[in-house]
$ cat data-v6.pdb   # PDB, C-alpha atoms
ATOM      1  CA  MET A   1    -107.824   2.457 -94.187
ATOM      2  CA  THR A   2    -105.852   5.512 -95.281
ATOM      3  CA  ALA A   3    -106.680   7.254 -98.557
ATOM      4  CA  ARG A   4    -103.759   7.376-100.938
ATOM      5  CA  ARG A   5    -102.552  10.822-101.961
ATOM      6  CA  ARG A   6    -102.263  11.410-105.690
ATOM      7  CA  LEU A   7    -100.389  13.941-107.742
ATOM      8  CA  THR A   8    -102.558  16.502-109.458
ATOM      9  CA  PRO A   9    -102.153  16.982-113.218
ATOM     10  CA  GLU A  10    -100.542  20.349-112.498
ATOM     11  CA  GLN A  11     -98.020  18.736-110.120
ATOM     12  CA  ARG A  12     -97.213  16.060-112.737
ATOM     13  CA  ARG A  13     -96.520  18.721-115.379
ATOM     14  CA  GLU A  14     -94.340  20.660-112.954
ATOM     15  CA  ILE A  15     -92.379  17.519-111.967
ATOM     16  CA  VAL A  16     -91.748  16.630-115.602
ATOM     17  CA  ALA A  17     -90.664  20.200-116.419
ATOM     18  CA  GLU A  18     -88.337  20.355-113.401
ATOM     19  CA  ALA A  19     -86.819  16.952-114.223
ATOM     20  CA  ARG A  20     -86.106  18.132-117.779
ATOM     21  CA  ARG A  21     -84.231  21.089-116.309
ATOM     22  CA  GLY A  22     -82.056  18.630-114.397
ATOM     23  CA  VAL A  23     -83.572  18.735-110.929
ATOM     24  CA  ALA A  24     -82.799  15.491-109.072
ATOM     25  CA  VAL A  25     -85.581  13.009-108.326
ATOM     26  CA  SER A  26     -84.770  13.130-104.595
ATOM     27  CA  THR A  27     -85.147  16.926-104.602
ATOM     28  CA  LEU A  28     -88.490  16.686-106.399
ATOM     29  CA  ALA A  29     -89.671  14.031-103.947
ATOM     30  CA  LYS A  30     -88.892  16.284-100.976
ATOM     31  CA  ARG A  31     -90.437  19.356-102.599
ATOM     32  CA  PHE A  32     -93.722  17.639-103.507
ATOM     33  CA  GLY A  33     -93.894  15.366-100.443
ATOM     34  CA  PHE A  34     -93.851  12.066-102.329
ATOM     35  CA  THR A  35     -91.390   9.172-102.464
ATOM     36  CA  SER A  36     -88.621   9.068-105.047
ATOM     37  CA  ARG A  37     -90.291   5.986-106.469
ATOM     38  CA  ALA A  38     -93.535   7.909-107.030
ATOM     39  CA  ILE A  39     -91.605  10.679-108.820
ATOM     40  CA  GLN A  40     -89.767   8.148-110.999
ATOM     41  CA  TYR A  41     -93.061   6.464-111.848
ATOM     42  CA  THR A  42     -94.547   9.849-112.802
ATOM     43  CA  LEU A  43     -91.587  10.626-115.066
ATOM     44  CA  LYS A  44     -91.722   7.184-116.673
ATOM     45  CA  LYS A  45     -95.445   7.463-117.306
ATOM     46  CA  ALA A  46     -94.985  10.923-118.866
ATOM     47  CA  GLU A  47     -92.241   9.572-121.164
ATOM     48  CA  GLN A  48     -94.430   6.654-122.243
ATOM     49  CA  GLY A  49     -97.313   9.027-122.915
ATOM     50  CA  ARG A  50     -95.084  11.188-125.092
ATOM     51  CA  ARG A  51     -93.912   8.152-127.061
ATOM     52  CA  ASP A  52     -97.432   6.788-127.440
ATOM     53  CA  SER A  53     -98.746  10.111-128.726
ATOM     54  CA  GLY A  54     -95.928  10.324-131.281
ATOM     55  CA  ILE A  55     -94.594  13.631-129.992
ATOM     56  CA  ARG A  56     -91.086  14.125-131.318
ATOM     57  CA  THR A  57     -88.715  15.430-128.705
ATOM     58  CA  GLU A  58     -85.258  14.648-130.109
ATOM     59  CA  THR A  59     -83.319  16.613-132.717
ATOM     60  CA  MET A  60     -80.600  15.410-135.062
ATOM     61  CA  SER A  61     -78.190  17.659-136.937
ATOM     62  CA  VAL A  62     -76.001  16.629-139.873
ATOM     63  CA  THR A  63     -73.364  18.758-141.582
ATOM     64  CA  LEU A  64     -72.926  18.007-145.285
ATOM     65  CA  THR A  65     -71.057  19.384-148.248
ATOM     66  CA  PRO A  66     -73.161  21.133-150.918
ATOM     67  CA  GLU A  67     -72.598  18.117-153.192
ATOM     68  CA  GLU A  68     -73.803  15.664-150.535
ATOM     69  CA  MET A  69     -76.878  17.806-149.866
ATOM     70  CA  SER A  70     -77.678  17.959-153.586
ATOM     71  CA  ALA A  71     -77.327  14.195-153.882
ATOM     72  CA  PHE A  72     -79.575  13.681-150.841
ATOM     73  CA  ASP A  73     -82.177  16.065-152.261
ATOM     74  CA  ALA A  74     -82.086  14.171-155.563
ATOM     75  CA  VAL A  75     -82.703  10.836-153.789
ATOM     76  CA  LEU A  76     -85.571  12.377-151.832
ATOM     77  CA  ALA A  77     -87.158  13.807-154.991
ATOM     78  CA  LYS A  78     -86.704  10.509-156.845
ATOM     79  CA  ASN A  79     -88.496   8.663-154.048
ATOM     80  CA  GLY A  80     -91.286  11.224-153.615
ATOM     81  CA  ILE A  81     -90.220  12.374-150.160
ATOM     82  CA  GLU A  82     -91.153  16.004-149.687
ATOM     83  CA  THR A  83     -88.867  17.235-146.900
ATOM     84  CA  ARG A  84     -85.329  16.549-145.710
ATOM     85  CA  SER A  85     -86.518  15.969-142.156
ATOM     86  CA  ASP A  86     -89.023  13.383-143.398
ATOM     87  CA  GLY A  87     -86.246  11.701-145.388
ATOM     88  CA  MET A  88     -83.928  11.589-142.384
ATOM     89  CA  ARG A  89     -86.751  10.319-140.167
ATOM     90  CA  ARG A  90     -87.488   7.543-142.672
ATOM     91  CA  LEU A  91     -83.802   6.627-142.876
ATOM     92  CA  VAL A  92     -83.618   6.394-139.086
ATOM     93  CA  GLN A  93     -86.808   4.336-138.906
ATOM     94  CA  GLY A  94     -85.668   2.067-141.735
ATOM     95  CA  ALA A  95     -82.146   1.596-140.405
ATOM     96  CA  ALA A  96     -83.066  -1.295-138.108
ATOM     97  CA  GLY A  97     -79.994  -3.509-138.202
ATOM     98  CA  LEU A  98     -78.418  -1.570-141.081
ATOM     99  CA  PHE A  99     -75.484  -0.283-139.045
ATOM    100  CA  GLN A 100     -75.007  -3.383-136.936
ATOM    101  CA  PRO A 101     -71.608  -5.072-137.064
ATOM    102  CA  ASP A 102     -71.324  -7.424-140.006
ATOM    103  CA  ALA A 103     -70.231 -10.925-138.888
ATOM    104  CA  HIS A 104     -68.819 -11.747-142.333
ATOM    105  CA  LEU A 105     -66.854  -8.504-142.399
ATOM    106  CA  ALA A 106     -65.510  -9.203-138.902
ATOM    107  CA  ASP A 107     -64.356 -12.687-140.004
ATOM    108  CA  GLU A 108     -62.685 -11.283-143.114
ATOM    109  CA  LEU A 109     -60.901  -8.608-141.114
ATOM    110  CA  ALA A 110     -59.722 -11.223-138.588
ATOM    111  CA  GLY A 111     -58.208 -13.171-141.505
ATOM    112  CA  PHE A 112     -56.572 -10.020-142.821
ATOM    113  CA  ARG A 113     -55.210  -9.244-139.360
ATOM    114  CA  ALA A 114     -53.581 -12.698-139.188
ATOM    115  CA  ALA A 115     -52.096 -12.243-142.668
ATOM    116  CA  LEU A 116     -50.795  -8.813-141.737
ATOM    117  CA  ASN A 117     -49.164 -10.263-138.595
ATOM    118  CA  ARG A 118     -47.368 -12.838-140.762
ATOM    119  CA  VAL A 119     -46.152 -10.082-143.072
ATOM    120  CA  GLY A 120     -45.041  -8.006-140.102
ATOM    121  CA  ASN A 121     -43.060 -10.932-138.668
ATOM    122  CA  ASN A 122     -41.367 -11.540-142.006
ATOM    123  CA  VAL A 123     -40.464  -7.887-142.445
ATOM    124  CA  THR A 124     -39.068  -7.815-138.895
ATOM    125  CA  GLN A 125     -36.836 -10.812-139.633
ATOM    126  CA  ILE A 126     -35.571  -9.208-142.840
ATOM    127  CA  ALA A 127     -34.829  -5.939-141.040
ATOM    128  CA  LYS A 128     -32.939  -7.775-138.276
ATOM    129  CA  ARG A 129     -30.760  -9.610-140.795
ATOM    130  CA  MET A 130     -29.987  -6.453-142.699
ATOM    131  CA  ASN A 131     -29.161  -4.631-139.457
ATOM    132  CA  GLU A 132     -26.859  -7.426-138.312
ATOM    133  CA  ALA A 133     -25.076  -7.360-141.675
ATOM    134  CA  ASN A 134     -24.636  -3.577-141.509
ATOM    135  CA  ILE A 135     -23.229  -3.768-137.964
ATOM    136  CA  LYS A 136     -20.694  -6.391-139.046
ATOM    137  CA  GLY A 137     -19.850  -4.424-142.179
ATOM    138  CA  GLN A 138     -20.956  -7.306-144.387
ATOM    139  CA  ARG A 139     -22.970  -7.452-147.508
ATOM    140  CA  PRO A 140     -26.522  -8.597-146.659
ATOM    141  CA  PRO A 141     -26.682 -12.398-146.755
ATOM    142  CA  PHE A 142     -29.457 -12.496-149.350
ATOM    143  CA  SER A 143     -29.345 -14.627-152.432
ATOM    144  CA  GLY A 144     -31.300 -14.013-155.598
ATOM    145  CA  ASN A 145     -33.922 -16.404-154.246
ATOM    146  CA  ASP A 146     -34.216 -14.343-151.041
ATOM    147  CA  LEU A 147     -34.698 -11.157-153.039
ATOM    148  CA  ALA A 148     -37.400 -12.876-155.101
ATOM    149  CA  GLN A 149     -39.174 -13.828-151.867
ATOM    150  CA  MET A 150     -38.978 -10.229-150.651
ATOM    151  CA  ARG A 151     -40.527  -9.110-153.940
ATOM    152  CA  GLN A 152     -43.286 -11.690-153.443
ATOM    153  CA  LEU A 153     -43.789 -10.326-149.957
ATOM    154  CA  ALA A 154     -44.107  -6.798-151.331
ATOM    155  CA  GLY A 155     -46.598  -8.087-153.892
ATOM    156  CA  PHE A 156     -48.541  -9.817-151.125
ATOM    157  CA  VAL A 157     -48.728  -6.582-149.149
ATOM    158  CA  LEU A 158     -50.029  -4.710-152.208
ATOM    159  CA  ASP A 159     -52.594  -7.455-152.910
ATOM    160  CA  PHE A 160     -53.608  -7.345-149.268
ATOM    161  CA  ALA A 161     -54.182  -3.593-149.457
ATOM    162  CA  ASP A 162     -56.258  -4.052-152.630
ATOM    163  CA  GLN A 163     -58.387  -6.738-150.935
ATOM    164  CA  VAL A 164     -59.056  -4.522-147.922
ATOM    165  CA  ASP A 165     -59.993  -1.649-150.223
ATOM    166  CA  LEU A 166     -62.325  -3.885-152.237
ATOM    167  CA  LEU A 167     -63.928  -5.250-149.065
ATOM    168  CA  ALA A 168     -64.541  -1.737-147.737
ATOM    169  CA  ARG A 169     -65.990  -0.578-151.077
ATOM    170  CA  ARG A 170     -68.345  -3.563-151.238
ATOM    171  CA  ARG A 171     -69.503  -2.850-147.689
ATOM    172  CA  VAL A 172     -70.181   0.821-148.505
ATOM    173  CA  GLU A 173     -72.031  -0.148-151.695
ATOM    174  CA  GLY A 174     -74.084  -2.656-149.708
ATOM    175  CA  ILE A 175     -75.010  -0.025-147.126
ATOM    176  CA  SER A 176     -75.872   2.450-149.904
ATOM    177  CA  MET A 177     -78.116  -0.078-151.638
ATOM    178  CA  THR A 178     -79.792  -1.051-148.364
ATOM    179  CA  ALA A 179     -80.342   2.599-147.394
ATOM    180  CA  GLY A 180     -81.745   3.309-150.875
ATOM    181  CA  ASP A 181     -84.064   0.317-150.565
ATOM    182  CA  ALA A 182     -85.180   1.514-147.118
ATOM    183  CA  LEU A 183     -85.997   4.970-148.503
ATOM    184  CA  LYS A 184     -87.876   3.492-151.467
ATOM    185  CA  GLU A 185     -89.792   1.080-149.243
ATOM    186  CA  LEU A 186     -90.734   3.865-146.851
ATOM    187  CA  ALA A 187     -91.732   6.137-149.745
ATOM    188  CA  ASP A 188     -93.864   3.360-151.256
ATOM    189  CA  ALA A 189     -95.545   2.754-147.903
ATOM    190  CA  LYS A 190     -96.462   6.447-147.678
ATOM    191  CA  GLY A 191     -98.446   6.404-150.920
TER     192      GLY A 191
END
$ encode --input "data-v6.pdb" --output "C-alpha coordinates"
Amino acid sequence: MTARRRLTPEQRREIVAEARRGVAVSTLAKRFGFTSRAIQYTLKKAEQGRRDSGIRTETMSVTLTPEEMSAFDAVLAKNGIETRSDGMRRLVQGAAGLFQPDAHLADELAGFRAALNRVGNNVTQIAKRMNEANIKGQRPPFSGNDLAQMRQLAGFVLDFADQVDLLARRRVEGISMTAGDALKELADAKG
(Lines of atoms letter the chains of each structure in order from A and count residues from 1; the text may use other names and numbers.)
(Lines give C-alpha, C1' and ligand atoms only; values in the text may rest on other atoms or scores of the structure.)
Protein backbone atom coordinates (compact mmCIF):
# COMPACT_ATOMS: atom_id res chain seq x y z
CA MET A 1 0.00 0.00 0.00
CA THR A 2 1.42 3.36 -1.07
CA ALA A 3 1.46 6.28 1.37
CA ARG A 4 -0.44 9.28 0.10
CA ARG A 5 1.55 12.48 -0.34
CA ARG A 6 0.10 15.54 1.34
CA LEU A 7 0.64 19.23 0.85
CA THR A 8 2.51 20.95 3.64
CA PRO A 9 0.93 24.02 5.24
CA GLU A 10 3.60 26.13 3.55
CA GLN A 11 2.74 24.65 0.13
CA ARG A 12 -0.98 25.30 0.74
CA ARG A 13 -0.30 28.96 1.56
CA GLU A 14 1.89 29.32 -1.52
CA ILE A 15 -0.76 27.69 -3.77
CA VAL A 16 -3.46 30.00 -2.45
CA ALA A 17 -1.24 33.07 -2.89
CA GLU A 18 -0.27 32.06 -6.43
CA ALA A 19 -3.90 31.36 -7.37
CA ARG A 20 -4.89 34.82 -6.13
CA ARG A 21 -2.26 36.29 -8.43
CA GLY A 22 -3.94 34.50 -11.33
CA VAL A 23 -1.71 31.48 -11.82
CA ALA A 24 -3.68 28.67 -13.50
CA VAL A 25 -4.57 25.53 -11.55
CA SER A 26 -2.85 23.34 -14.17
CA THR A 27 0.38 25.34 -13.77
CA LEU A 28 0.23 25.01 -9.98
CA ALA A 29 -0.41 21.28 -10.29
CA LYS A 30 2.69 20.82 -12.45
CA ARG A 31 4.85 23.03 -10.23
CA PHE A 32 3.91 21.27 -6.98
CA GLY A 33 3.61 17.76 -8.46
CA PHE A 34 -0.05 17.22 -7.58
CA THR A 35 -3.19 16.73 -9.67
CA SER A 36 -5.33 19.68 -10.71
CA ARG A 37 -8.10 18.19 -8.61
CA ALA A 38 -5.89 18.27 -5.50
CA ILE A 39 -5.04 21.94 -6.18
CA GLN A 40 -8.71 22.82 -6.68
CA TYR A 41 -9.59 21.02 -3.45
CA THR A 42 -6.87 22.97 -1.62
CA LEU A 43 -8.18 26.28 -2.97
CA LYS A 44 -11.77 25.38 -2.09
CA LYS A 45 -10.81 24.37 1.43
CA ALA A 46 -8.86 27.63 1.90
CA GLU A 47 -11.88 29.66 0.72
CA GLN A 48 -14.20 27.80 3.09
CA GLY A 49 -11.78 28.37 5.95
CA ARG A 50 -11.70 32.09 5.21
CA ARG A 51 -15.50 32.24 5.16
CA ASP A 52 -15.82 30.21 8.35
CA SER A 53 -13.36 32.43 10.20
CA GLY A 54 -15.24 35.55 9.11
CA ILE A 55 -12.26 37.11 7.36
CA ARG A 56 -13.49 39.84 5.05
CA THR A 57 -11.79 39.79 1.70
CA GLU A 58 -14.10 41.82 -0.55
CA THR A 59 -14.32 45.60 -0.83
CA MET A 60 -17.23 47.74 -1.97
CA SER A 61 -16.99 51.37 -3.02
CA VAL A 62 -19.90 53.79 -3.40
CA THR A 63 -19.74 57.34 -4.74
CA LEU A 64 -22.31 59.69 -3.22
CA THR A 65 -23.17 63.35 -3.26
CA PRO A 66 -22.47 65.30 -0.05
CA GLU A 67 -26.23 65.42 0.59
CA GLU A 68 -26.59 61.64 0.20
CA MET A 69 -23.64 61.06 2.53
CA SER A 70 -25.13 63.40 5.14
CA ALA A 71 -28.47 61.62 4.92
CA PHE A 72 -26.76 58.22 5.26
CA ASP A 73 -24.77 59.44 8.27
CA ALA A 74 -27.99 60.71 9.86
CA VAL A 75 -29.68 57.31 9.41
CA LEU A 76 -26.64 55.57 10.89
CA ALA A 77 -26.58 57.91 13.90
CA LYS A 78 -30.34 57.52 14.41
CA ASN A 79 -29.97 53.74 14.46
CA GLY A 80 -26.87 53.69 16.68
CA ILE A 81 -24.51 52.39 14.00
CA GLU A 82 -21.03 53.72 14.63
CA THR A 83 -19.28 53.46 11.25
CA ARG A 84 -20.24 53.77 7.60
CA SER A 85 -18.63 50.45 6.77
CA ASP A 86 -20.67 48.76 9.51
CA GLY A 87 -23.81 50.39 8.12
CA MET A 88 -23.07 49.24 4.59
CA ARG A 89 -22.22 45.74 5.84
CA ARG A 90 -25.54 45.59 7.71
CA LEU A 91 -27.43 46.81 4.64
CA VAL A 92 -25.79 44.11 2.52
CA GLN A 93 -26.50 41.43 5.12
CA GLY A 94 -30.09 42.61 5.56
CA ALA A 95 -30.80 42.94 1.85
CA ALA A 96 -31.78 39.29 1.40
CA GLY A 97 -34.51 39.43 -1.22
CA LEU A 98 -34.79 43.23 -1.05
CA PHE A 99 -33.54 43.81 -4.59
CA GLN A 100 -35.18 40.78 -6.14
CA PRO A 101 -37.59 41.38 -9.02
CA ASP A 102 -41.06 42.22 -7.79
CA ALA A 103 -43.69 39.93 -9.37
CA HIS A 104 -46.47 42.48 -8.81
CA LEU A 105 -44.38 45.22 -10.40
CA ALA A 106 -43.60 42.96 -13.37
CA ASP A 107 -47.34 42.25 -13.86
CA GLU A 108 -48.19 45.95 -13.65
CA LEU A 109 -45.50 46.84 -16.17
CA ALA A 110 -46.73 44.10 -18.53
CA GLY A 111 -50.21 45.69 -18.35
CA PHE A 112 -48.73 49.11 -19.02
CA ARG A 113 -46.76 47.73 -21.96
CA ALA A 114 -49.97 46.35 -23.50
CA ALA A 115 -51.73 49.68 -22.97
CA LEU A 116 -48.82 51.55 -24.50
CA ASN A 117 -48.91 49.23 -27.55
CA ARG A 118 -52.60 50.06 -28.01
CA VAL A 119 -51.82 53.77 -27.81
CA GLY A 120 -48.96 53.36 -30.26
CA ASN A 121 -51.21 51.55 -32.75
CA ASN A 122 -53.84 54.27 -32.49
CA VAL A 123 -51.30 57.05 -32.96
CA THR A 124 -49.88 55.21 -35.99
CA GLN A 125 -53.33 54.99 -37.58
CA ILE A 126 -53.96 58.69 -36.97
CA ALA A 127 -50.59 59.62 -38.48
CA LYS A 128 -51.26 57.46 -41.56
CA ARG A 129 -54.63 59.12 -42.16
CA MET A 130 -53.19 62.59 -41.78
CA ASN A 131 -50.32 61.71 -44.12
CA GLU A 132 -52.69 60.32 -46.74
CA ALA A 133 -54.81 63.48 -46.53
CA ASN A 134 -51.74 65.71 -46.92
CA ILE A 135 -50.53 63.73 -49.96
CA LYS A 136 -53.94 64.10 -51.62
CA GLY A 137 -54.11 67.77 -50.69
CA GLN A 138 -57.26 67.20 -48.65
CA ARG A 139 -58.36 68.42 -45.32
CA PRO A 140 -57.89 65.63 -42.74
CA PRO A 141 -61.01 63.47 -42.63
CA PHE A 142 -61.60 64.02 -38.91
CA SER A 143 -64.91 65.01 -37.46
CA GLY A 144 -65.43 66.73 -34.14
CA ASN A 145 -65.99 63.29 -32.63
CA ASP A 146 -62.62 62.09 -34.00
CA LEU A 147 -60.86 65.09 -32.49
CA ALA A 148 -62.53 64.38 -29.15
CA GLN A 149 -61.22 60.81 -29.32
CA MET A 150 -57.71 62.09 -30.04
CA ARG A 151 -57.99 64.36 -27.00
CA GLN A 152 -59.09 61.35 -24.94
CA LEU A 153 -56.10 59.47 -26.29
CA ALA A 154 -53.79 62.30 -25.24
CA GLY A 155 -55.42 62.27 -21.81
CA PHE A 156 -54.92 58.51 -21.60
CA VAL A 157 -51.23 58.89 -22.40
CA LEU A 158 -50.84 61.53 -19.67
CA ASP A 159 -52.73 59.35 -17.17
CA PHE A 160 -50.55 56.42 -18.18
CA ALA A 161 -47.40 58.44 -17.52
CA ASP A 162 -48.76 59.50 -14.11
CA GLN A 163 -49.54 55.86 -13.21
CA VAL A 164 -46.03 54.73 -14.15
CA ASP A 165 -44.55 57.56 -12.11
CA LEU A 166 -46.73 56.69 -9.12
CA LEU A 167 -45.83 53.00 -9.41
CA ALA A 168 -42.11 53.80 -9.50
CA ARG A 169 -42.41 56.17 -6.51
CA ARG A 170 -44.28 53.56 -4.47
CA ARG A 171 -41.61 50.98 -5.30
CA VAL A 172 -38.81 53.35 -4.23
CA GLU A 173 -40.67 54.22 -1.01
CA GLY A 174 -41.17 50.52 -0.33
CA ILE A 175 -37.47 49.81 -0.82
CA SER A 176 -36.57 52.79 1.40
CA MET A 177 -38.87 51.59 4.17
CA THR A 178 -37.58 48.02 3.89
CA ALA A 179 -33.95 49.18 3.93
CA GLY A 180 -34.69 51.41 6.95
CA ASP A 181 -36.35 48.48 8.71
CA ALA A 182 -33.34 46.27 7.91
CA LEU A 183 -30.96 48.85 9.39
CA LYS A 184 -33.12 49.27 12.50
CA GLU A 185 -33.46 45.51 12.95
CA LEU A 186 -29.72 45.01 12.58
CA ALA A 187 -29.01 47.89 14.97
CA ASP A 188 -31.44 46.45 17.52
CA ALA A 189 -29.81 43.03 17.22
CA LYS A 190 -26.40 44.58 17.96
CA GLY A 191 -27.48 45.96 21.33
$ atom_distance --input "data-v6.pdb" --atom1 "atom CA of Glu58 of chain A" --atom2 "atom CA of Val92 of chain A"
12.3 Å
$ residues_around --input "data-v6.pdb" --residues "Asp73 of chain A" --least-positions-apart "6" --cutoff "10 Å" --atoms "only C-alpha atoms" --output "list in words"
Glu67, Asn79, Ile81, Glu82, Thr83, Arg84 and Gly87 of chain A
$ residues_around --input "data-v6.pdb" --residues "Phe32 of chain A" --least-positions-apart "3" --cutoff "8 Å" --atoms "all atoms listed in the file" --output "ChimeraX atom specification"
/A:11,28-29
$ atom_distance --input "data-v6.pdb" --atom1 "atom CA of Arg6 of chain A" --atom2 "atom CA of Phe34 of chain A"
9.1 Å
$ resolve_selection --input "data-v6.pdb" --expression "the PyMOL selection byres ((chain A and resi 15) around 10)" --output "mmCIF file with C-alpha atoms, keeping the file's coordinate frame"
data_model
loop_
_atom_site.group_PDB
_atom_site.id
_atom_site.type_symbol
_atom_site.label_atom_id
_atom_site.label_comp_id
_atom_site.auth_asym_id
_atom_site.auth_seq_id
_atom_site.Cartn_x
_atom_site.Cartn_y
_atom_site.Cartn_z
ATOM 1 C CA LEU A 7 -100.389 13.941 -107.742
ATOM 2 C CA PRO A 9 -102.153 16.982 -113.218
ATOM 3 C CA GLU A 10 -100.542 20.349 -112.498
ATOM 4 C CA GLN A 11 -98.020 18.736 -110.120
ATOM 5 C CA ARG A 12 -97.213 16.060 -112.737
ATOM 6 C CA ARG A 13 -96.520 18.721 -115.379
ATOM 7 C CA GLU A 14 -94.340 20.660 -112.954
ATOM 8 C CA VAL A 16 -91.748 16.630 -115.602
ATOM 9 C CA ALA A 17 -90.664 20.200 -116.419
ATOM 10 C CA GLU A 18 -88.337 20.355 -113.401
ATOM 11 C CA ALA A 19 -86.819 16.952 -114.223
ATOM 12 C CA ARG A 20 -86.106 18.132 -117.779
ATOM 13 C CA ARG A 21 -84.231 21.089 -116.309
ATOM 14 C CA VAL A 23 -83.572 18.735 -110.929
ATOM 15 C CA VAL A 25 -85.581 13.009 -108.326
ATOM 16 C CA LEU A 28 -88.490 16.686 -106.399
ATOM 17 C CA ALA A 29 -89.671 14.031 -103.947
ATOM 18 C CA ARG A 31 -90.437 19.356 -102.599
ATOM 19 C CA PHE A 32 -93.722 17.639 -103.507
ATOM 20 C CA ILE A 39 -91.605 10.679 -108.820
ATOM 21 C CA GLN A 40 -89.767 8.148 -110.999
ATOM 22 C CA THR A 42 -94.547 9.849 -112.802
ATOM 23 C CA LEU A 43 -91.587 10.626 -115.066
ATOM 24 C CA ALA A 46 -94.985 10.923 -118.866
#
$ closest_residue --input "data-v6.pdb" --among "A:Gln138, A:Asn121, A:Ile126, A:Phe112" --to "Leu167 of chain A" --atoms "all atoms listed in the file"
A:Phe112
$ residues_around --input "data-v6.pdb" --residues "Thr59 of chain A" --least-positions-apart "5" --cutoff "12 Å" --atoms "all atoms listed in the file" --output "PyMOL selection string"
chain A and resi 85+88-89
$ resolve_selection --input "data-v6.pdb" --expression "the PyMOL selection byres ((chain A and resi 153) around 12)" --output "list in words"
Ala115, Leu116, Arg118, Val119, Gly120, Asn121, Asn122, Val123, Ile126, Asp146, Leu147, Ala148, Gln149, Met150, Arg151, Gln152, Ala154, Gly155, Phe156, Val157, Leu158, Asp159 and Phe160 of chain A
$ write_last_selection --input "data-v6.pdb" --atoms "C-alpha atoms" --output "PDB file, keeping the file's coordinate frame"
ATOM      1  CA  ALA A 115     -52.096 -12.243-142.668  1.00  0.00           C
ATOM      2  CA  LEU A 116     -50.795  -8.813-141.737  1.00  0.00           C
ATOM      3  CA  ARG A 118     -47.368 -12.838-140.762  1.00  0.00           C
ATOM      4  CA  VAL A 119     -46.152 -10.082-143.072  1.00  0.00           C
ATOM      5  CA  GLY A 120     -45.041  -8.006-140.102  1.00  0.00           C
ATOM      6  CA  ASN A 121     -43.060 -10.932-138.668  1.00  0.00           C
ATOM      7  CA  ASN A 122     -41.367 -11.540-142.006  1.00  0.00           C
ATOM      8  CA  VAL A 123     -40.464  -7.887-142.445  1.00  0.00           C
ATOM      9  CA  ILE A 126     -35.571  -9.208-142.840  1.00  0.00           C
ATOM     10  CA  ASP A 146     -34.216 -14.343-151.041  1.00  0.00           C
ATOM     11  CA  LEU A 147     -34.698 -11.157-153.039  1.00  0.00           C
ATOM     12  CA  ALA A 148     -37.400 -12.876-155.101  1.00  0.00           C
ATOM     13  CA  GLN A 149     -39.174 -13.828-151.867  1.00  0.00           C
ATOM     14  CA  MET A 150     -38.978 -10.229-150.651  1.00  0.00           C
ATOM     15  CA  ARG A 151     -40.527  -9.110-153.940  1.00  0.00           C
ATOM     16  CA  GLN A 152     -43.286 -11.690-153.443  1.00  0.00           C
ATOM     17  CA  ALA A 154     -44.107  -6.798-151.331  1.00  0.00           C
ATOM     18  CA  GLY A 155     -46.598  -8.087-153.892  1.00  0.00           C
ATOM     19  CA  PHE A 156     -48.541  -9.817-151.125  1.00  0.00           C
ATOM     20  CA  VAL A 157     -48.728  -6.582-149.149  1.00  0.00           C
ATOM     21  CA  LEU A 158     -50.029  -4.710-152.208  1.00  0.00           C
ATOM     22  CA  ASP A 159     -52.594  -7.455-152.910  1.00  0.00           C
ATOM     23  CA  PHE A 160     -53.608  -7.345-149.268  1.00  0.00           C
TER      24      PHE A 160
END
$ atom_distance --input "data-v6.pdb" --atom1 "atom CA of Gln93 of chain A" --atom2 "atom CA of Gly22 of chain A"
28.8 Å
